[in-house]
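Working notes for the structure below.
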Amino acid sequence: MSAHTVEYVRYHIPEERSAEFLAAHTRAAALLAAAPQCVDHELARCEDDFEHFVLRITWTSTEAREQDFRASELCPAFLAELRPYTPHIQERRHYKATTVRGAGAAVPTLYAWAGGAEAFVRLTEVFYDKVLKDDVLAPVFAGMAPEHAAHVALWLGEVFGGPPAYSETQGGHGHMVAKHFGRNITETQRRRWVGLLQDAADDAELPTDAEFRSAFLAYAEWGTRLAVHFSGPDAVPPAEQPVPRWTWGAAPPYRG
């Protein structure tokens with residue numbers, strides 16, 4: 001569970017003071033943006049009654065907010081901006097996240113956008129066909145098990161937001177990481193892997209929109225760099241953790 005602390009502050013601001021209130025929060029937002037203890041923040045205004053506002057600030061921890069931020073040079077200026085509105089605070093509380101969370105269907109997963117299980121099966125079949133014909137990567141995958149491509153399709157499907165099939169049948173993140181121990185993957189091999197995966201995505205007719213391919217390539221870069229790290233001679237197995245769940249990142253799916 002995340003150590004982050006979420007602070008909620010509910011305000012009732014008279015209509016005639018709303019403009020100055022918003023201006024003060026805009027200035028205070030610049031101070032939060034400079035605070036390493038602040039993860040993100042948002043001020044929302046009620047649609048039903050414009051005099052009600054809710055400020056949400058996510059802090060790295062309760063201690064970071066109560067000790068580090070308060071002791072920082074930013075805090076006095078931050079408090080000075082918001083102090084005139086303290087009498088209008090109806091509630092201020094701090095919350096910890098629970099395990100009850102999830103996304104709705106308004107934004108499709110990368111898995112669904114790509115075309116689901118069939119798309120990742122096509123991708124890995126095309127990809128490993130290329131790998132076994134490649135002078136740089138063929139030696140790395142010599143003796144590859146017949147089911148390897150199918151297992152990687154399950155892995156990628158789960159990573160990109162699909163069902164937890166890899167975790168349920170293969171053992172999760174630790175199992176995947178363990179497959180790289182002692183292989184001493186080189187940077188040249190890593191780059192070729194990423195390049196061939198992009199070529200395979202084209203040949204397998206995965207979506208070519210900029211938003212999907214940006215997220216797809218970001219995972220390929222992240223995953224292969226971890227593979228290089230854990231394939232090295234001094235690699236230490238990580239603590240058990242869930243399969244990463246990749247999302248759209250900076251750019252959500254474009255819908256014109």
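Chain identifiers are assigned as A, B, and so on, following the order in which chains appear in the structure tokens; residues are numbered from 1 within each chain, and ligands are numbered from 1 in order of appearance.
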When you look at region 118-128 of chain A with a cut-off of 12 Å (counting only C-alpha atoms), what residues show up, excluding the ones that are within fewer than 2 positions of it in the same chain? I need them as an NGL selection string. :A and (110-116 or 130-134 or 137-138 or 140-142 or 144-162 or 192-207 or 216)
Can you list, as a PyMOL selection string, every protein, DNA or RNA residue that comes within 12 Å of Cys46 (chain A) when you count only C-alpha atoms, leaving out same-chain residues fewer than 2 positions away? chain A and resi 10-13+43-44+48-55
N, CA, C and O atoms of the current selection, written as a PDB file, in the first residue's frame:
ATOM      1  N   ARG A  10     -11.878  21.347   2.574  1.00  0.00           N
ATOM      2  CA  ARG A  10     -13.134  21.839   2.007  1.00  0.00           C
ATOM      3  C   ARG A  10     -13.352  23.295   2.429  1.00  0.00           C
ATOM      4  O   ARG A  10     -13.262  23.628   3.611  1.00  0.00           O
ATOM      5  N   TYR A  11     -13.607  24.136   1.435  1.00  0.00           N
ATOM      6  CA  TYR A  11     -13.819  25.560   1.671  1.00  0.00           C
ATOM      7  C   TYR A  11     -15.252  25.966   1.299  1.00  0.00           C
ATOM      8  O   TYR A  11     -15.842  25.417   0.360  1.00  0.00           O
ATOM      9  N   HIS A  12     -15.767  26.952   2.007  1.00  0.00           N
ATOM     10  CA  HIS A  12     -16.985  27.659   1.594  1.00  0.00           C
ATOM     11  C   HIS A  12     -16.597  29.117   1.428  1.00  0.00           C
ATOM     12  O   HIS A  12     -16.448  29.850   2.411  1.00  0.00           O
ATOM     13  N   ILE A  13     -16.415  29.527   0.186  1.00  0.00           N
ATOM     14  CA  ILE A  13     -15.917  30.861  -0.130  1.00  0.00           C
ATOM     15  C   ILE A  13     -17.061  31.708  -0.688  1.00  0.00           C
ATOM     16  O   ILE A  13     -17.680  31.327  -1.691  1.00  0.00           O
ATOM     17  N   LEU A  43      -7.325  21.781  -7.176  1.00  0.00           N
ATOM     18  CA  LEU A  43      -8.413  22.523  -6.560  1.00  0.00           C
ATOM     19  C   LEU A  43      -9.650  22.342  -7.431  1.00  0.00           C
ATOM     20  O   LEU A  43      -9.636  22.676  -8.626  1.00  0.00           O
ATOM     21  N   ALA A  44     -10.729  21.812  -6.855  1.00  0.00           N
ATOM     22  CA  ALA A  44     -11.971  21.587  -7.589  1.00  0.00           C
ATOM     23  C   ALA A  44     -13.062  22.509  -7.060  1.00  0.00           C
ATOM     24  O   ALA A  44     -13.100  22.822  -5.861  1.00  0.00           O
ATOM     25  N   ASP A  48     -22.623  22.400  -8.344  1.00  0.00           N
ATOM     26  CA  ASP A  48     -23.969  22.671  -7.844  1.00  0.00           C
ATOM     27  C   ASP A  48     -24.048  23.955  -7.021  1.00  0.00           C
ATOM     28  O   ASP A  48     -25.106  24.567  -6.923  1.00  0.00           O
ATOM     29  N   ASP A  49     -22.934  24.318  -6.433  1.00  0.00           N
ATOM     30  CA  ASP A  49     -22.882  25.527  -5.609  1.00  0.00           C
ATOM     31  C   ASP A  49     -21.477  26.101  -5.737  1.00  0.00           C
ATOM     32  O   ASP A  49     -20.530  25.582  -5.144  1.00  0.00           O
ATOM     33  N   PHE A  50     -21.324  27.142  -6.526  1.00  0.00           N
ATOM     34  CA  PHE A  50     -20.007  27.682  -6.857  1.00  0.00           C
ATOM     35  C   PHE A  50     -19.226  28.202  -5.647  1.00  0.00           C
ATOM     36  O   PHE A  50     -18.041  28.501  -5.762  1.00  0.00           O
ATOM     37  N   GLU A  51     -19.867  28.287  -4.499  1.00  0.00           N
ATOM     38  CA  GLU A  51     -19.156  28.794  -3.319  1.00  0.00           C
ATOM     39  C   GLU A  51     -18.380  27.707  -2.593  1.00  0.00           C
ATOM     40  O   GLU A  51     -17.669  27.993  -1.632  1.00  0.00           O
ATOM     41  N   HIS A  52     -18.497  26.461  -3.052  1.00  0.00           N
ATOM     42  CA  HIS A  52     -17.804  25.359  -2.377  1.00  0.00           C
ATOM     43  C   HIS A  52     -16.630  24.855  -3.225  1.00  0.00           C
ATOM     44  O   HIS A  52     -16.769  24.633  -4.432  1.00  0.00           O
ATOM     45  N   PHE A  53     -15.481  24.684  -2.576  1.00  0.00           N
ATOM     46  CA  PHE A  53     -14.255  24.224  -3.208  1.00  0.00           C
ATOM     47  C   PHE A  53     -13.663  23.082  -2.379  1.00  0.00           C
ATOM     48  O   PHE A  53     -13.846  23.028  -1.154  1.00  0.00           O
ATOM     49  N   VAL A  54     -12.932  22.199  -3.055  1.00  0.00           N
ATOM     50  CA  VAL A  54     -12.185  21.147  -2.365  1.00  0.00           C
ATOM     51  C   VAL A  54     -10.751  21.166  -2.892  1.00  0.00           C
ATOM     52  O   VAL A  54     -10.524  21.058  -4.106  1.00  0.00           O
ATOM     53  N   LEU A  55      -9.810  21.317  -1.990  1.00  0.00           N
ATOM     54  CA  LEU A  55      -8.387  21.254  -2.331  1.00  0.00           C
ATOM     55  C   LEU A  55      -7.875  19.866  -1.973  1.00  0.00           C
ATOM     56  O   LEU A  55      -8.093  19.385  -0.859  1.00  0.00           O
TER      57      LEU A  55
END
Using only C-alpha atoms, can you tell me which of A:Thr188, A:Thr5, A:Thr109, A:Thr26 comes closest to Arg65 (chain A)?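 Smallest distance to Arg65 (chain A) is found for A:Thr5.
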Could you write out, as a count of residues only, all the residues of region 34-113 of chain A that DSSP marks as alpha helix (DSSP H)? 17
All strand (DSSP E) residues (DSSP, backbone) inside region 19-196 of chain A, as a PyMOL selection string: chain A and resi 38-45+52-59+89-96
